[in-house]
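Written out below as structure tokens is the structure these notes cover.
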Amino acid sequence: MAVTTIPEVVLSSSSGQRRMPVIGLGTAPESASKVSTKDAVIEAIKQGYRHFDAAAAYGVEPSVGEAIAEALKLGLIASRDELFITSKLWVTDNHPELIVPALQKSLRTLQLEYLDLFLIHWPITTKPGKVTYPIEVSEILEFDMKGVWASMEECQRLGLTKAIGVSNFSIKKLEKLLPLATIPPAVNQVEINIGWQQEKLREFCKAKGITLTAFSPLRKGASRGTNLVMDNDVLKELADAHGKTVAQICLRWIYEQGVTVAVKSYDKERMKQNLQIFDWSLTEDDYKKISEIYQERLIKGPTKPLLDDLWDDEQ
């Protein structure tokens with residue numbers, strides 16, 4: 001099997017100028033898939049994927065760890081260092097004194113000595129305890145951003161992770177975090193897709209040297225009814241014109257914005273297609289059409305009921 005070489009970006013504020021592949025495989029649970037996470041990760045490694053995006057709350061860290069061990073045993077990779085592994089801190093551990101132990105637990109579960117990237121999953125703190133989703137608002141406590149970030153920095157200094165970052169942070173929250181940081185966040189992972197283009201956030205993060213990673217790049221996973229991206233007639237026309245799939249149009253657009261992406265598919269053929277975006281380009285006319293597509297956030301938040309101030313009214 002031909003292995004695709006995926007372009008990389010250098011993360012600022014990472015130890016050793018860590019390089020991150022621009023496409024990673026998301027590993028959030030997919031109940032409809034008949035393929036296990038372990039088998040999907042092994043197949044992805046065979047195809048050339050080297051970045052795997054996990055989280056403590058997903059419950060997949062054991063499977064990802066088993067897949068890495070199996071890939072090493074099979075000789076698919078020469079060493080763990082060839083991979084880029086991301087995981088995330090859940091809200092129940094979003095307390096300064098719990099962060100280092102939480103990361104150590106993730107490492108044991110993943111059977112790894114270090115992560116490449118460790119993210120704060122949401123800018124929310126809840127009472128310590130069992131992972132539940134959605135998060136009950138009655139469980140929410142004050143988010144100690146200064147103390148939490150100091151502990152994230154300690155994780156990097158201890159060598160438990162090569163880089164640290166955040167997820168689901170608005171511009172306002174990043175503006176609050178940056179003055180507190182000795183080690184700035186290397187990454188902000190947020191929803192970005194053609195139906196939620198996040199132009200202001202993209203400009204802000206570029207100016208601050210923060211790499212953006214897009215989740216829900218195809219607006220799959222939480223959608224009900226019509227998918228504003230995959231069912232979009234304009235994107236279907238662009239796909240036909242380029243001889244590509246709608247998914248490839250979407251991923252190419254994200255790549256051309258200088259944004260990295262965690263794309264979720266355990267289907268062998270779709271995994272392959274998702275890597276075939278590097279040897280062609282969108283046109284100025286394509287961009288004009290894409291800029292006119294209706295915009296709406298898909299992921300409103302993880303809480304029940306939803307929080308009014310989670311996104312700080314940013315568009």
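Please note that chains go A, B, ... in the order of the structure tokens, that every chain numbers its residues from 1, and that ligands are numbered from 1 in the order shown.
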With a distance cut-off of 6 Å and only C-alpha atoms, select the neighbouring residues of Gly24 in chain A, excluding the residue or stretch itself and same-chain residues fewer than 4 positions from it, and output the selection as a PyMOL selection string. chain A and resi 51-52+262
When you look at Val148 in chain A with a cut-off of 12 Å (counting only C-alpha atoms), what residues show up, excluding the ones that are within fewer than 3 positions of it in the same chain? I need them as a ChimeraX atom specification. /A:89,91,93-100,119-120,122-125,142-145,151-155,164-166,177,180-181
Output for the residues just chosen: C-alpha atoms as a tab-separated table (two decimals), in the first residue's frame:
chain	number	residue	atom	x	y	z
A	89	LEU	CA	-8.16	17.12	29.91
A	91	VAL	CA	-13.74	19.24	32.87
A	93	ASP	CA	-10.03	17.30	36.19
A	94	ASN	CA	-9.89	20.99	35.29
A	95	HIS	CA	-8.48	21.83	38.74
A	96	PRO	CA	-4.83	22.90	39.24
A	97	GLU	CA	-4.03	20.04	41.64
A	98	LEU	CA	-5.63	17.34	39.44
A	99	ILE	CA	-4.05	18.13	36.06
A	100	VAL	CA	-0.65	16.44	36.38
A	119	LEU	CA	-5.34	20.25	25.51
A	120	ILE	CA	-7.86	21.72	27.94
A	122	TRP	CA	-13.42	22.98	27.43
A	123	PRO	CA	-13.01	26.29	29.30
A	124	ILE	CA	-15.26	24.86	32.02
A	125	THR	CA	-14.59	23.36	35.46
A	142	GLU	CA	-15.53	28.68	38.75
A	143	PHE	CA	-12.81	28.13	36.14
A	144	ASP	CA	-9.41	29.04	37.65
A	145	MET	CA	-7.72	29.89	34.36
A	151	SER	CA	-0.44	23.27	35.92
A	152	MET	CA	-0.62	22.71	32.16
A	153	GLU	CA	2.77	24.44	31.87
A	154	GLU	CA	4.11	22.15	34.59
A	155	CYS	CA	3.04	19.15	32.49
A	164	ILE	CA	0.09	22.29	25.53
A	165	GLY	CA	-2.98	24.03	24.23
A	166	VAL	CA	-6.70	24.60	24.52
A	177	LEU	CA	-5.21	33.49	28.97
A	180	LEU	CA	-1.16	34.71	32.27
A	181	ALA	CA	0.94	32.32	30.21
Can you tell me, as a PyMOL selection string, what residues are no more than 8 Å from range 169-175 of chain A when counting only C-alpha atoms, ignoring any on the same chain fewer than 3 positions away? chain A and resi 122-123+166+178-179+188-190+201+204+311-312+314
DSSP strand (DSSP E) residues within range 20-128 of chain A, listed as a PyMOL selection string: chain A and resi 20-21+23-26+51-53+84-89+117-120+125-126
Selected residues written out, N, CA and C atoms, as a short mmCIF file (atom, residue, chain, number, x, y, z; two decimals), in the first residue's frame:
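Generated output (result.cif):
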data_model
loop_
_atom_site.label_atom_id
_atom_site.label_comp_id
_atom_site.auth_asym_id
_atom_site.auth_seq_id
_atom_site.Cartn_x
_atom_site.Cartn_y
_atom_site.Cartn_z
N MET A 20 3.67 19.01 13.81
CA MET A 20 2.37 18.35 13.85
C MET A 20 1.84 18.14 12.43
N PRO A 21 1.48 16.91 12.06
CA PRO A 21 0.86 16.69 10.75
C PRO A 21 -0.43 17.50 10.61
N ILE A 23 -3.12 16.86 9.02
CA ILE A 23 -4.33 16.05 9.14
C ILE A 23 -4.10 14.97 10.19
N GLY A 24 -5.05 14.87 11.11
CA GLY A 24 -5.03 13.81 12.10
C GLY A 24 -6.32 13.03 12.06
N LEU A 25 -6.30 11.84 12.62
CA LEU A 25 -7.51 11.03 12.70
C LEU A 25 -8.17 11.26 14.05
N GLY A 26 -9.41 11.75 14.04
CA GLY A 26 -10.17 11.89 15.27
C GLY A 26 -10.64 10.54 15.76
N HIS A 51 -0.92 11.48 13.02
CA HIS A 51 -1.49 12.26 14.12
C HIS A 51 -2.81 11.62 14.54
N PHE A 52 -2.95 11.32 15.84
CA PHE A 52 -4.17 10.73 16.37
C PHE A 52 -4.67 11.58 17.53
N ASP A 53 -5.94 11.99 17.40
CA ASP A 53 -6.54 12.93 18.34
C ASP A 53 -7.49 12.19 19.26
N PHE A 84 2.28 11.45 16.34
CA PHE A 84 1.90 12.66 17.07
C PHE A 84 0.58 12.35 17.77
N ILE A 85 0.62 12.27 19.09
CA ILE A 85 -0.56 11.87 19.86
C ILE A 85 -1.07 13.03 20.70
N THR A 86 -2.33 13.36 20.49
CA THR A 86 -3.02 14.42 21.25
C THR A 86 -4.03 13.77 22.18
N SER A 87 -4.13 14.30 23.40
CA SER A 87 -5.26 13.95 24.26
C SER A 87 -5.70 15.21 25.01
N LYS A 88 -6.83 15.08 25.71
CA LYS A 88 -7.45 16.27 26.29
C LYS A 88 -7.86 16.03 27.73
N LEU A 89 -7.79 17.11 28.50
CA LEU A 89 -8.16 17.12 29.91
C LEU A 89 -9.66 17.36 30.05
N LEU A 117 0.80 16.53 22.43
CA LEU A 117 -0.04 17.70 22.67
C LEU A 117 -1.11 17.36 23.70
N PHE A 118 -1.25 18.22 24.69
CA PHE A 118 -2.25 18.04 25.75
C PHE A 118 -3.11 19.29 25.78
N LEU A 119 -4.41 19.13 25.63
CA LEU A 119 -5.34 20.25 25.51
C LEU A 119 -6.32 20.30 26.67
N ILE A 120 -6.70 21.52 27.07
CA ILE A 120 -7.86 21.72 27.94
C ILE A 120 -9.09 21.54 27.04
N THR A 125 -14.99 24.24 34.35
CA THR A 125 -14.59 23.36 35.46
C THR A 125 -15.85 22.84 36.14
N THR A 126 -15.86 21.54 36.44
CA THR A 126 -16.97 20.97 37.20
C THR A 126 -16.43 20.25 38.43
#
Across A:Lys146, A:Lys130, A:Lys162, A:His121, the smallest distance to Val10 in chain A, with only C-alpha atoms counted, is shown by A:Lys162
Point out the residue among A:Met230, A:Leu251, A:Leu238, A:Val187 with the least atom-to-atom distance to Gly209 in chain A, counting only C-alpha atoms.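 Going through A:Met230, A:Leu251, A:Leu238, A:Val187 one by one, the smallest distance to Gly209 in chain A is for A:Val187.
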Residues within 12 Å of Ile135 in chain A, only C-alpha atoms, excluding chain neighbours under 2 positions, as JSON, numbers by chain: {"A": [57, 90, 91, 92, 122, 124, 125, 126, 127, 129, 130, 131, 132, 133, 137, 138, 139, 140, 141, 301, 302, 303, 304, 305, 306, 307]}
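Each of A:Leu160, A:Leu107, A:Val234, A:Ile42 was compared to Leu74 in chain A using only C-alpha atoms, and A:Ile42 turns out to be the nearest.
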Selection near Arg18 in chain A, 9 Å with only C-alpha atoms, sequence-local residues under 2 positions removed, as a PyMOL selection string: chain A and resi 9-16+20+116+162-163
Write the residues you've just listed into a file as a short mmCIF file (atom, residue, chain, number, x, y, z; two decimals), in the first residue's frame, and include N, CA and C atoms for each of them.
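The file below, out05.cif, is the result:
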data_model
loop_
_atom_site.label_atom_id
_atom_site.label_comp_id
_atom_site.auth_asym_id
_atom_site.auth_seq_id
_atom_site.Cartn_x
_atom_site.Cartn_y
_atom_site.Cartn_z
N VAL A 9 3.19 21.20 10.34
CA VAL A 9 3.41 22.56 10.81
C VAL A 9 4.24 22.48 12.09
N VAL A 10 5.06 23.50 12.31
CA VAL A 10 5.85 23.57 13.54
C VAL A 10 5.03 24.31 14.59
N LEU A 11 4.87 23.71 15.75
CA LEU A 11 4.11 24.33 16.83
C LEU A 11 4.99 25.30 17.59
N SER A 12 4.51 26.53 17.75
CA SER A 12 5.21 27.48 18.59
C SER A 12 5.07 27.05 20.04
N SER A 13 6.00 27.42 20.85
CA SER A 13 6.00 27.17 22.31
C SER A 13 5.96 25.69 22.66
N SER A 14 6.38 24.84 21.72
CA SER A 14 6.50 23.42 22.04
C SER A 14 7.96 23.11 22.35
N SER A 15 8.19 22.07 23.12
CA SER A 15 9.57 21.69 23.41
C SER A 15 10.15 20.98 22.19
N GLY A 16 11.33 21.43 21.78
CA GLY A 16 11.99 20.81 20.65
C GLY A 16 11.36 21.14 19.31
N MET A 20 3.67 19.01 13.81
CA MET A 20 2.37 18.35 13.85
C MET A 20 1.84 18.14 12.43
N ASP A 116 2.33 14.29 22.65
CA ASP A 116 2.85 15.38 21.82
C ASP A 116 2.08 16.66 22.07
N LYS A 162 4.87 17.33 24.98
CA LYS A 162 5.78 18.20 24.23
C LYS A 162 5.19 19.58 24.00
N ALA A 163 3.86 19.67 24.03
CA ALA A 163 3.19 20.95 23.80
C ALA A 163 1.86 20.95 24.54
#
Find, counting only C-alpha atoms, the residue in A:Ser291, A:Ser79, A:Ser167, A:Gln248 that gets nearest to Lys272 in chain A.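 Smallest separation from Lys272 in chain A among the options: A:Gln248.
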What's the separation between CA of Gln111 in chain A and CA of Lys268 in chain A, in Å to one decimal place?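 Taking CA of Gln111 in chain A and CA of Lys268 in chain A, their separation equals 25.4 Å.
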What does the distance between CA of Lys206 in chain A and CA of Val259 in chain A come to in Å, to one decimal place? 9.5 Å
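When only C-alpha atoms are used to compute distances to Ala71 in chain A, the closest of the residues A:Thr5, A:Lys38, A:Tyr58, A:Asp267 turns out to be A:Lys38.
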Hey, which of A:Asn274, A:Thr27, A:Thr182, A:Thr4 ends up closest to Gly48 in chain A? Count only C-alpha atoms.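 Of the candidates, the smallest distance to Gly48 in chain A is held by A:Thr4.
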Who sits within 10 Å of Arg297 in chain A, only C-alpha atoms, same chain under 5 positions skipped, as a VMD selection string: chain A and resid 191 to 193 195 to 198 219 315
Separating CA of Leu282 in chain A from CA of Arg270 in chain A, to the nearest tenth of an Å, is a gap of 20.3 Å
